[in-house]
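See below for the structure under consideration.
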Amino acid sequence: MSDISETRRTQPISLTQRENWKERLWFAVIVFLLLGLITAISVAVSYQQQVENPSIYRSDNEMINGGKRFIDYFYSLNAATVDRDQFRAISMMMKPEDRKERMHYLVTTDFVRKVQGSGMSTEVDWSQAKAELVTRHEGGLRDIKYTAQLLRNNRHIGQLEILLRLMPVEKTDSNTDGVGIWAWKDIAENPFEDTQSE
């Protein structure tokens with residue numbers, strides 16, 4: 001018995017904490033890329049179907065009013081509703097990259113929390129506004145130019161001049177107008193601009 005030496009089995013080497021985080025990060029990146037790819041494909045298919053078979057119809061007035069709603073939501077600086085308004089504006093954007101870019105802006109600037117803490121109220125005055133149909137495209141897309149006044153705490157602070165490319169989409173709880181935003185351009189001051197649409 002004394003000749004038998006006690007041997008210990010080696011334990012399998014466990015991944016270090018750093019390797020675990022790398023593994024999780026790569027998994028998250030892969031999942032994110034797959035989700036982005038699936039979303040992009042679904043938007044492209046939806047757009048292609050719309051061009052080939054424009055089964056969803058919206059009148060010019062419906063399209064104009066849907067664009068007004070987007071502008072109201074996008075420019076919302078109302079402390080009480082800014083989070084819901086920004087969500088509604090993002091839900092009307094048709095391209096995933098536009099939604100992602102807007103979310104990135106809201107997060108990095110802490111936009112929603114700052115507006116909520118400001119107590120301000122901002123609205124677009126549509127009483128003397130103009131909406132002009134500029135171009136009709138295949139698939140029901142329309143370019144519409146809007147000119148309106150922006151009010152903050154009931155005081156005039158400037159003029160909005162915006163060109164929207166709109167497309168008819170199915171109505172949902174978050175997009176009750178059934179109008180999607182394919183591209184936009186702020187002509188007055190260019191605080192946001194989609195250059196990929198041109």
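Here, A, B, ... name the chains of the structure tokens in the order displayed, residue numbers run from 1 inside each chain, and ligands are numbered from 1 in the same displayed order.
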Considering only C-alpha atoms, give me a table of residues in stretch 46-97 of chain A that are at most 10 Å from stretch 126-137 of chain A, with the closest atom pair and distance in Å for each, as JSON lines.
```
{"residue": "A:Val51", "atom": "CA", "partner": "A:His137", "partner_atom": "CA", "distance": 9.2}
{"residue": "A:Asp60", "atom": "CA", "partner": "A:Leu133", "partner_atom": "CA", "distance": 8.1}
{"residue": "A:Asn61", "atom": "CA", "partner": "A:Ala131", "partner_atom": "CA", "distance": 9.8}
{"residue": "A:Met63", "atom": "CA", "partner": "A:Leu133", "partner_atom": "CA", "distance": 9.7}
{"residue": "A:Ile64", "atom": "CA", "partner": "A:Ala131", "partner_atom": "CA", "distance": 7.0}
{"residue": "A:Asn65", "atom": "CA", "partner": "A:Ala131", "partner_atom": "CA", "distance": 9.4}
{"residue": "A:Gly67", "atom": "CA", "partner": "A:Ala131", "partner_atom": "CA", "distance": 9.5}
{"residue": "A:Lys68", "atom": "CA", "partner": "A:Trp126", "partner_atom": "CA", "distance": 8.5}
{"residue": "A:Asp72", "atom": "CA", "partner": "A:Trp126", "partner_atom": "CA", "distance": 9.8}
```
Can you pull out every residue within 7 Å of stretch 156-169 of chain A, counting only C-alpha atoms, but drop anything in the same chain fewer than 6 positions away, and send it as a PyMOL selection string?
chain A and resi 56-58+63+140-150+178-188
Show me, as a list in words, the residues that have an atom within 8 Å of A:Asp177 when counting only C-alpha atoms, minus same-chain residues fewer than 3 positions from it.
Glu62, Asn65, Gly66 and Lys171 of chain A
Give me, as a ChimeraX atom specification, the residues of stretch 58-156 of chain A that a backbone DSSP run labels alpha helix (DSSP H).
/A:60-74,82-92,96-109,111-118
Writer output for current selection, N, CA and C atoms, as a CSV table (one decimal), in the first residue's frame:
```csv
chain,number,residue,atom,x,y,z
A,60,ASP,N,-54.2,61.8,-50.7
A,60,ASP,CA,-53.3,62.8,-50.5
A,60,ASP,C,-53.5,63.5,-49.1
A,61,ASN,N,-54.7,63.7,-48.7
A,61,ASN,CA,-55.0,64.3,-47.4
A,61,ASN,C,-54.5,63.4,-46.3
A,62,GLU,N,-54.7,62.1,-46.4
A,62,GLU,CA,-54.3,61.1,-45.4
A,62,GLU,C,-52.8,61.2,-45.3
A,63,MET,N,-52.1,61.2,-46.4
A,63,MET,CA,-50.6,61.3,-46.4
A,63,MET,C,-50.1,62.6,-45.8
A,64,ILE,N,-50.8,63.7,-46.2
A,64,ILE,CA,-50.4,65.0,-45.6
A,64,ILE,C,-50.5,65.0,-44.1
A,65,ASN,N,-51.7,64.5,-43.6
A,65,ASN,CA,-52.0,64.5,-42.2
A,65,ASN,C,-51.0,63.5,-41.4
A,66,GLY,N,-50.7,62.4,-42.0
A,66,GLY,CA,-49.7,61.5,-41.4
A,66,GLY,C,-48.4,62.1,-41.3
A,67,GLY,N,-48.0,62.9,-42.3
A,67,GLY,CA,-46.7,63.6,-42.2
A,67,GLY,C,-46.7,64.7,-41.1
A,68,LYS,N,-47.8,65.4,-41.0
A,68,LYS,CA,-48.0,66.4,-39.9
A,68,LYS,C,-47.8,65.7,-38.6
A,69,ARG,N,-48.4,64.5,-38.4
A,69,ARG,CA,-48.3,63.8,-37.2
A,69,ARG,C,-46.8,63.5,-36.8
A,70,PHE,N,-46.1,63.0,-37.8
A,70,PHE,CA,-44.7,62.7,-37.6
A,70,PHE,C,-43.9,63.9,-37.2
A,71,ILE,N,-44.2,65.1,-37.8
A,71,ILE,CA,-43.5,66.3,-37.5
A,71,ILE,C,-43.8,66.7,-36.0
A,72,ASP,N,-45.1,66.6,-35.7
A,72,ASP,CA,-45.5,66.9,-34.3
A,72,ASP,C,-44.8,66.0,-33.3
A,73,TYR,N,-44.7,64.7,-33.6
A,73,TYR,CA,-44.0,63.8,-32.7
A,73,TYR,C,-42.5,64.1,-32.6
A,74,PHE,N,-41.9,64.3,-33.8
A,74,PHE,CA,-40.4,64.4,-33.9
A,74,PHE,C,-39.9,65.7,-33.2
A,82,VAL,N,-43.0,63.7,-24.1
A,82,VAL,CA,-41.8,63.6,-25.0
A,82,VAL,C,-41.4,62.1,-25.2
A,83,ASP,N,-41.5,61.3,-24.2
A,83,ASP,CA,-41.1,59.9,-24.4
A,83,ASP,C,-42.0,59.2,-25.3
A,84,ARG,N,-43.3,59.3,-25.2
A,84,ARG,CA,-44.3,58.7,-26.1
A,84,ARG,C,-44.2,59.3,-27.5
A,85,ASP,N,-44.0,60.6,-27.6
A,85,ASP,CA,-44.0,61.3,-28.9
A,85,ASP,C,-42.8,60.8,-29.7
A,86,GLN,N,-41.6,60.7,-29.0
A,86,GLN,CA,-40.4,60.2,-29.7
A,86,GLN,C,-40.6,58.7,-30.1
A,87,PHE,N,-41.2,57.9,-29.3
A,87,PHE,CA,-41.5,56.5,-29.7
A,87,PHE,C,-42.4,56.5,-30.9
A,88,ARG,N,-43.4,57.3,-30.9
A,88,ARG,CA,-44.3,57.3,-32.1
A,88,ARG,C,-43.6,57.8,-33.4
A,89,ALA,N,-42.7,58.8,-33.3
A,89,ALA,CA,-42.0,59.3,-34.4
A,89,ALA,C,-41.1,58.1,-34.9
A,90,ILE,N,-40.4,57.5,-34.0
A,90,ILE,CA,-39.5,56.4,-34.4
A,90,ILE,C,-40.3,55.2,-35.1
A,91,SER,N,-41.5,54.9,-34.5
A,91,SER,CA,-42.3,53.8,-35.1
A,91,SER,C,-42.8,54.1,-36.5
A,92,MET,N,-42.8,55.4,-36.9
A,92,MET,CA,-43.2,55.8,-38.2
A,92,MET,C,-42.1,55.7,-39.2
A,96,PRO,N,-34.6,50.7,-40.8
A,96,PRO,CA,-34.0,50.4,-39.5
A,96,PRO,C,-32.8,51.3,-39.1
A,97,GLU,N,-32.0,51.7,-40.1
A,97,GLU,CA,-30.9,52.6,-39.8
A,97,GLU,C,-31.3,54.0,-39.3
A,98,ASP,N,-32.5,54.4,-39.8
A,98,ASP,CA,-33.0,55.7,-39.3
A,98,ASP,C,-33.5,55.6,-37.8
A,99,ARG,N,-34.2,54.5,-37.6
A,99,ARG,CA,-34.6,54.2,-36.2
A,99,ARG,C,-33.4,54.1,-35.2
A,100,LYS,N,-32.4,53.4,-35.7
A,100,LYS,CA,-31.2,53.1,-34.8
A,100,LYS,C,-30.5,54.5,-34.6
A,101,GLU,N,-30.4,55.3,-35.6
A,101,GLU,CA,-29.7,56.6,-35.5
A,101,GLU,C,-30.4,57.5,-34.5
A,102,ARG,N,-31.8,57.5,-34.6
A,102,ARG,CA,-32.6,58.4,-33.7
A,102,ARG,C,-32.5,57.9,-32.3
A,103,MET,N,-32.5,56.6,-32.1
A,103,MET,CA,-32.4,56.0,-30.7
A,103,MET,C,-31.0,56.4,-30.2
A,104,HIS,N,-30.0,56.3,-31.0
A,104,HIS,CA,-28.6,56.6,-30.5
A,104,HIS,C,-28.6,58.0,-30.1
A,105,TYR,N,-29.2,58.9,-30.9
A,105,TYR,CA,-29.2,60.4,-30.5
A,105,TYR,C,-29.9,60.6,-29.2
A,106,LEU,N,-31.1,60.0,-29.1
A,106,LEU,CA,-31.9,60.2,-27.8
A,106,LEU,C,-31.1,59.7,-26.6
A,107,VAL,N,-30.4,58.5,-26.7
A,107,VAL,CA,-29.7,58.0,-25.6
A,107,VAL,C,-28.4,58.8,-25.3
A,108,THR,N,-27.6,59.1,-26.3
A,108,THR,CA,-26.3,59.8,-26.1
A,108,THR,C,-26.5,61.2,-25.6
A,109,THR,N,-27.6,61.9,-26.0
A,109,THR,CA,-27.9,63.3,-25.5
A,109,THR,C,-28.7,63.3,-24.3
A,111,PHE,N,-31.8,63.1,-24.2
A,111,PHE,CA,-32.8,64.0,-24.7
A,111,PHE,C,-34.1,64.0,-23.9
A,112,VAL,N,-34.7,62.8,-23.7
A,112,VAL,CA,-36.0,62.6,-23.0
A,112,VAL,C,-35.9,63.1,-21.6
A,113,ARG,N,-34.9,62.7,-20.8
A,113,ARG,CA,-34.8,63.1,-19.4
A,113,ARG,C,-34.6,64.6,-19.3
A,114,LYS,N,-33.8,65.2,-20.2
A,114,LYS,CA,-33.6,66.7,-20.1
A,114,LYS,C,-34.9,67.4,-20.4
A,115,VAL,N,-35.7,67.0,-21.4
A,115,VAL,CA,-36.9,67.6,-21.8
A,115,VAL,C,-37.9,67.5,-20.6
A,116,GLN,N,-38.0,66.3,-20.1
A,116,GLN,CA,-38.9,66.1,-18.9
A,116,GLN,C,-38.6,67.0,-17.8
A,117,GLY,N,-37.3,67.2,-17.5
A,117,GLY,CA,-36.9,68.1,-16.4
A,117,GLY,C,-37.0,69.6,-16.7
A,118,SER,N,-37.2,69.9,-18.0
A,118,SER,CA,-37.3,71.3,-18.3
A,118,SER,C,-38.6,72.0,-18.1
```
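Using only C-alpha atoms, the nearest neighbour of A:Ala79 within the list A:Ile41, A:Leu35, A:Met120, A:Val29 is A:Met120.
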Can you pull out every residue from stretch 43-171 of chain A that DSSP, working from the backbone, puts in strand (DSSP E), and format the result as a PyMOL selection string?
chain A and resi 122-136+142-152+155-168
Save out the residues we just selected, N, CA and C atoms, as a short mmCIF file (atom, residue, chain, number, x, y, z; two decimals), in the first residue's frame.
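File produced: out25.cif:
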```
data_model
loop_
_atom_site.label_atom_id
_atom_site.label_comp_id
_atom_site.auth_asym_id
_atom_site.auth_seq_id
_atom_site.Cartn_x
_atom_site.Cartn_y
_atom_site.Cartn_z
N THR A 122 -43.62 72.59 -26.29
CA THR A 122 -43.36 73.01 -27.66
C THR A 122 -44.38 72.37 -28.58
N GLU A 123 -44.86 73.13 -29.55
CA GLU A 123 -45.81 72.57 -30.51
C GLU A 123 -45.62 73.22 -31.87
N VAL A 124 -46.10 72.53 -32.89
CA VAL A 124 -46.08 73.06 -34.24
C VAL A 124 -47.43 73.72 -34.49
N ASP A 125 -47.40 74.96 -34.93
CA ASP A 125 -48.64 75.71 -35.23
C ASP A 125 -49.01 75.45 -36.68
N TRP A 126 -50.08 74.68 -36.88
CA TRP A 126 -50.52 74.33 -38.22
C TRP A 126 -51.61 75.27 -38.74
N SER A 127 -51.96 76.32 -37.97
CA SER A 127 -53.10 77.17 -38.34
C SER A 127 -52.87 77.89 -39.68
N GLN A 128 -51.66 78.33 -39.95
CA GLN A 128 -51.38 79.01 -41.22
C GLN A 128 -50.31 78.26 -42.01
N ALA A 129 -50.21 76.96 -41.78
CA ALA A 129 -49.17 76.15 -42.41
C ALA A 129 -49.53 75.84 -43.86
N LYS A 130 -48.50 75.43 -44.61
CA LYS A 130 -48.69 75.02 -46.00
C LYS A 130 -48.16 73.60 -46.15
N ALA A 131 -48.85 72.81 -46.94
CA ALA A 131 -48.38 71.47 -47.30
C ALA A 131 -48.52 71.33 -48.81
N GLU A 132 -47.40 71.06 -49.47
CA GLU A 132 -47.38 71.01 -50.93
C GLU A 132 -46.89 69.65 -51.40
N LEU A 133 -47.70 69.00 -52.24
CA LEU A 133 -47.29 67.73 -52.84
C LEU A 133 -46.27 68.05 -53.93
N VAL A 134 -45.03 67.58 -53.73
CA VAL A 134 -43.94 67.91 -54.65
C VAL A 134 -43.81 66.86 -55.75
N THR A 135 -43.78 65.57 -55.37
CA THR A 135 -43.55 64.49 -56.34
C THR A 135 -44.32 63.25 -55.94
N ARG A 136 -44.82 62.53 -56.95
CA ARG A 136 -45.40 61.20 -56.74
C ARG A 136 -44.42 60.16 -57.29
N ARG A 142 -44.87 59.52 -51.82
CA ARG A 142 -45.08 60.92 -52.17
C ARG A 142 -44.08 61.79 -51.41
N ASP A 143 -43.57 62.81 -52.09
CA ASP A 143 -42.74 63.82 -51.43
C ASP A 143 -43.64 65.02 -51.14
N ILE A 144 -43.70 65.39 -49.88
CA ILE A 144 -44.55 66.50 -49.46
C ILE A 144 -43.72 67.49 -48.67
N LYS A 145 -43.85 68.76 -49.03
CA LYS A 145 -43.12 69.84 -48.36
C LYS A 145 -44.07 70.55 -47.40
N TYR A 146 -43.61 70.71 -46.16
CA TYR A 146 -44.40 71.36 -45.11
C TYR A 146 -43.70 72.65 -44.68
N THR A 147 -44.50 73.68 -44.47
CA THR A 147 -44.00 74.93 -43.89
C THR A 147 -44.94 75.28 -42.74
N ALA A 148 -44.39 75.46 -41.55
CA ALA A 148 -45.20 75.76 -40.37
C ALA A 148 -44.37 76.54 -39.36
N GLN A 149 -45.04 77.02 -38.32
CA GLN A 149 -44.37 77.77 -37.27
C GLN A 149 -44.18 76.89 -36.04
N LEU A 150 -43.04 77.04 -35.38
CA LEU A 150 -42.76 76.30 -34.15
C LEU A 150 -42.96 77.24 -32.96
N LEU A 151 -43.74 76.79 -31.99
CA LEU A 151 -44.03 77.58 -30.79
C LEU A 151 -43.44 76.88 -29.58
N ARG A 152 -42.83 77.66 -28.69
CA ARG A 152 -42.35 77.12 -27.42
C ARG A 152 -42.96 77.97 -26.31
N ARG A 155 -44.90 80.86 -27.59
CA ARG A 155 -44.20 81.96 -28.25
C ARG A 155 -43.52 81.45 -29.50
N HIS A 156 -43.61 82.22 -30.57
CA HIS A 156 -43.02 81.85 -31.86
C HIS A 156 -41.50 81.81 -31.73
N ILE A 157 -40.88 80.66 -32.13
CA ILE A 157 -39.41 80.57 -32.04
C ILE A 157 -38.76 80.30 -33.40
N GLY A 158 -39.56 80.09 -34.43
CA GLY A 158 -38.96 79.87 -35.74
C GLY A 158 -39.89 79.18 -36.70
N GLN A 159 -39.44 79.09 -37.93
CA GLN A 159 -40.24 78.45 -38.98
C GLN A 159 -39.65 77.09 -39.32
N LEU A 160 -40.54 76.12 -39.50
CA LEU A 160 -40.13 74.79 -39.96
C LEU A 160 -40.38 74.70 -41.46
N GLU A 161 -39.44 74.14 -42.17
CA GLU A 161 -39.60 73.87 -43.60
C GLU A 161 -39.02 72.50 -43.84
N ILE A 162 -39.90 71.51 -44.03
CA ILE A 162 -39.47 70.11 -44.04
C ILE A 162 -40.02 69.40 -45.27
N LEU A 163 -39.17 68.58 -45.88
CA LEU A 163 -39.59 67.73 -46.99
C LEU A 163 -39.61 66.30 -46.50
N LEU A 164 -40.76 65.64 -46.60
CA LEU A 164 -40.91 64.25 -46.19
C LEU A 164 -41.19 63.38 -47.40
N ARG A 165 -40.59 62.20 -47.44
CA ARG A 165 -40.97 61.18 -48.41
C ARG A 165 -41.80 60.16 -47.65
N LEU A 166 -43.07 60.08 -47.99
CA LEU A 166 -44.03 59.27 -47.26
C LEU A 166 -44.47 58.07 -48.09
N MET A 167 -44.80 56.98 -47.40
CA MET A 167 -45.36 55.83 -48.09
C MET A 167 -46.52 55.28 -47.29
N PRO A 168 -47.54 54.75 -47.96
CA PRO A 168 -48.67 54.15 -47.24
C PRO A 168 -48.27 52.81 -46.64
#
```
